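Please read the structure below before turning to the comments.
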Amino acid sequence: MRRAHMLRGAVVLAGALALAACASAPPAPSTSGLPRSGVYKVGKPYQVNGVWYYPAEDYSYSETGIASWYGPGFHQKVTANGEVYDQNELTAAHKTLPMPSLVRVTNLDNGRSLVVRINDRGPYANGRIIDMSRRGAQLLGFEGTGTAKVRVQILAEESRAVAAAARQGTPAPILAELEGPAPKAAPRGSVEVNGAAQAAPAAV
């Protein structure tokens, strides 16, 4: 009897130790729940294909040029500031702007406009000025064509707020696809998606 009682106690103790080990073991890595964090980064001058680029905090930035988009081949890979790229979020790559920063991108062909977060470097082909996420390209209406003529304008106040939050370790903002004003502060904001702009009356 005593032996059976001791054996039963040993089994219970072993079970408890096994449960304790499971509770203290680190969780298995999962690509579905990767953090959307990242460090604040401006970066040093760098060279690509013989061309030098000079990253800087330029809160007056406004430029017109060609936008492209990137997606499946980079999905779930690490961006230039340490975030995990998600092609379904409203983010973009830029050659020199701080990461993260917020910019308004307007498709000059159809008038659509939205705000995206810069969290990567690029593009470096054919004079393009911004590389949108796949979702951003869909909302701006150029996923099918691959490129579009756009105007890119930094949101100075919002970008300063996002930068300050990133320096303190606050997770990067996730921009929602909601109608409304541009984001005012980190960590979350909204996105304004405008319809096609009305044609201006002809000059007389």
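Residue numbers start at 1 in each chain; chains themselves are named A, B, ... in the order of the structure tokens; ligands are numbered from 1 in the order shown.
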
Mind the document's chain letters and residue numbers, and return as a count of residues only the residues of segment 18-170 of chain A that DSSP labels strand (DSSP E or B). 51

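In this comparison, which uses only C-alpha atoms, the residue of A:Pro98, A:Gly71, A:Pro45, A:Gly146 approaching Asp86 of chain A most closely is A:Gly71.
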
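Ranking A:Val84, A:Val48, A:Leu139, A:Leu97 by their shortest atom-to-atom distance to Pro171 of chain A, with only C-alpha atoms included, puts A:Val84 first.
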
What separation in Å, quoted to one decimal, exists between atom CA of Gly38 of chain A and atom CA of Ser60 of chain A?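 We find that atom CA of Gly38 of chain A and atom CA of Ser60 of chain A lie 23.6 Å from each other.
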
Have a look at atom CA of Leu114 of chain A and atom CA of Gly169 of chain A and let me know their distance in Å, one decimal. 25.7 Å

Considering only C-alpha atoms, state which residue in the set A:Tyr59, A:Pro72, A:Thr64, A:Lys95 is at the smallest distance from Pro123 of chain A. A:Lys95

As a PyMOL selection string, please: the residues near Ala172 of chain A (cut-off 12 Å, only C-alpha atoms, same-chain neighbours under 2 positions excluded). chain A and resi 35-40+81-85+89-91+99-102+116-119+159+161-170+174-175+185-189

Pick out the residues sitting within 8 Å of Tyr70 of chain A, and hand them over as a tab-separated table (two decimals) with N, CA, C and O atoms, in the first residue's frame; count only C-alpha atoms, and ignore anything fewer than 2 positions along from it in its own chain.
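The resulting file, out_27.tsv, is reproduced below:
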chain	number	residue	atom	x	y	z
A	68	SER	N	5.84	53.57	-57.15
A	68	SER	CA	5.70	52.17	-57.50
A	68	SER	C	5.22	51.45	-56.25
A	68	SER	O	4.97	52.08	-55.22
A	72	PRO	N	4.63	40.91	-52.40
A	72	PRO	CA	4.85	39.51	-52.04
A	72	PRO	C	6.30	39.11	-51.79
A	72	PRO	O	6.58	38.37	-50.85
A	73	GLY	N	7.22	39.60	-52.57
A	73	GLY	CA	8.62	39.19	-52.41
A	73	GLY	C	9.27	39.72	-51.14
A	73	GLY	O	10.31	39.23	-50.72
A	74	PHE	N	8.65	40.72	-50.49
A	74	PHE	CA	9.22	41.33	-49.29
A	74	PHE	C	8.33	41.13	-48.07
A	74	PHE	O	8.70	41.53	-46.97
A	87	GLN	N	2.61	43.75	-46.35
A	87	GLN	CA	2.14	44.35	-47.60
A	87	GLN	C	0.69	44.82	-47.51
A	87	GLN	O	0.22	45.56	-48.38
A	131	ASP	N	7.97	53.99	-52.80
A	131	ASP	CA	7.57	52.61	-53.06
A	131	ASP	C	6.48	52.26	-52.05
A	131	ASP	O	6.75	52.11	-50.86
A	132	MET	N	5.25	52.14	-52.52
A	132	MET	CA	4.10	51.91	-51.65
A	132	MET	C	3.95	50.44	-51.30
A	132	MET	O	4.39	49.56	-52.05
A	133	SER	N	3.29	50.17	-50.18
A	133	SER	CA	2.87	48.79	-49.90
A	133	SER	C	1.82	48.40	-50.93
A	133	SER	O	1.22	49.25	-51.60
A	134	ARG	N	1.56	47.12	-51.03
A	134	ARG	CA	0.56	46.66	-51.98
A	134	ARG	C	-0.82	47.26	-51.67
A	134	ARG	O	-1.53	47.68	-52.57

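You can rank A:Arg104, A:Arg151, A:Arg112, A:Arg160 by their closest distance to Gln138 of chain A using only C-alpha atoms, and at the top of that list sits A:Arg112.
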
In terms of the shortest atom-to-atom distance over only C-alpha atoms, which of A:Gln153, A:Thr147, A:Thr106, A:Thr79 is closest to Arg128 of chain A?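 The shortest atom-to-atom distance to Arg128 of chain A comes from A:Thr147.
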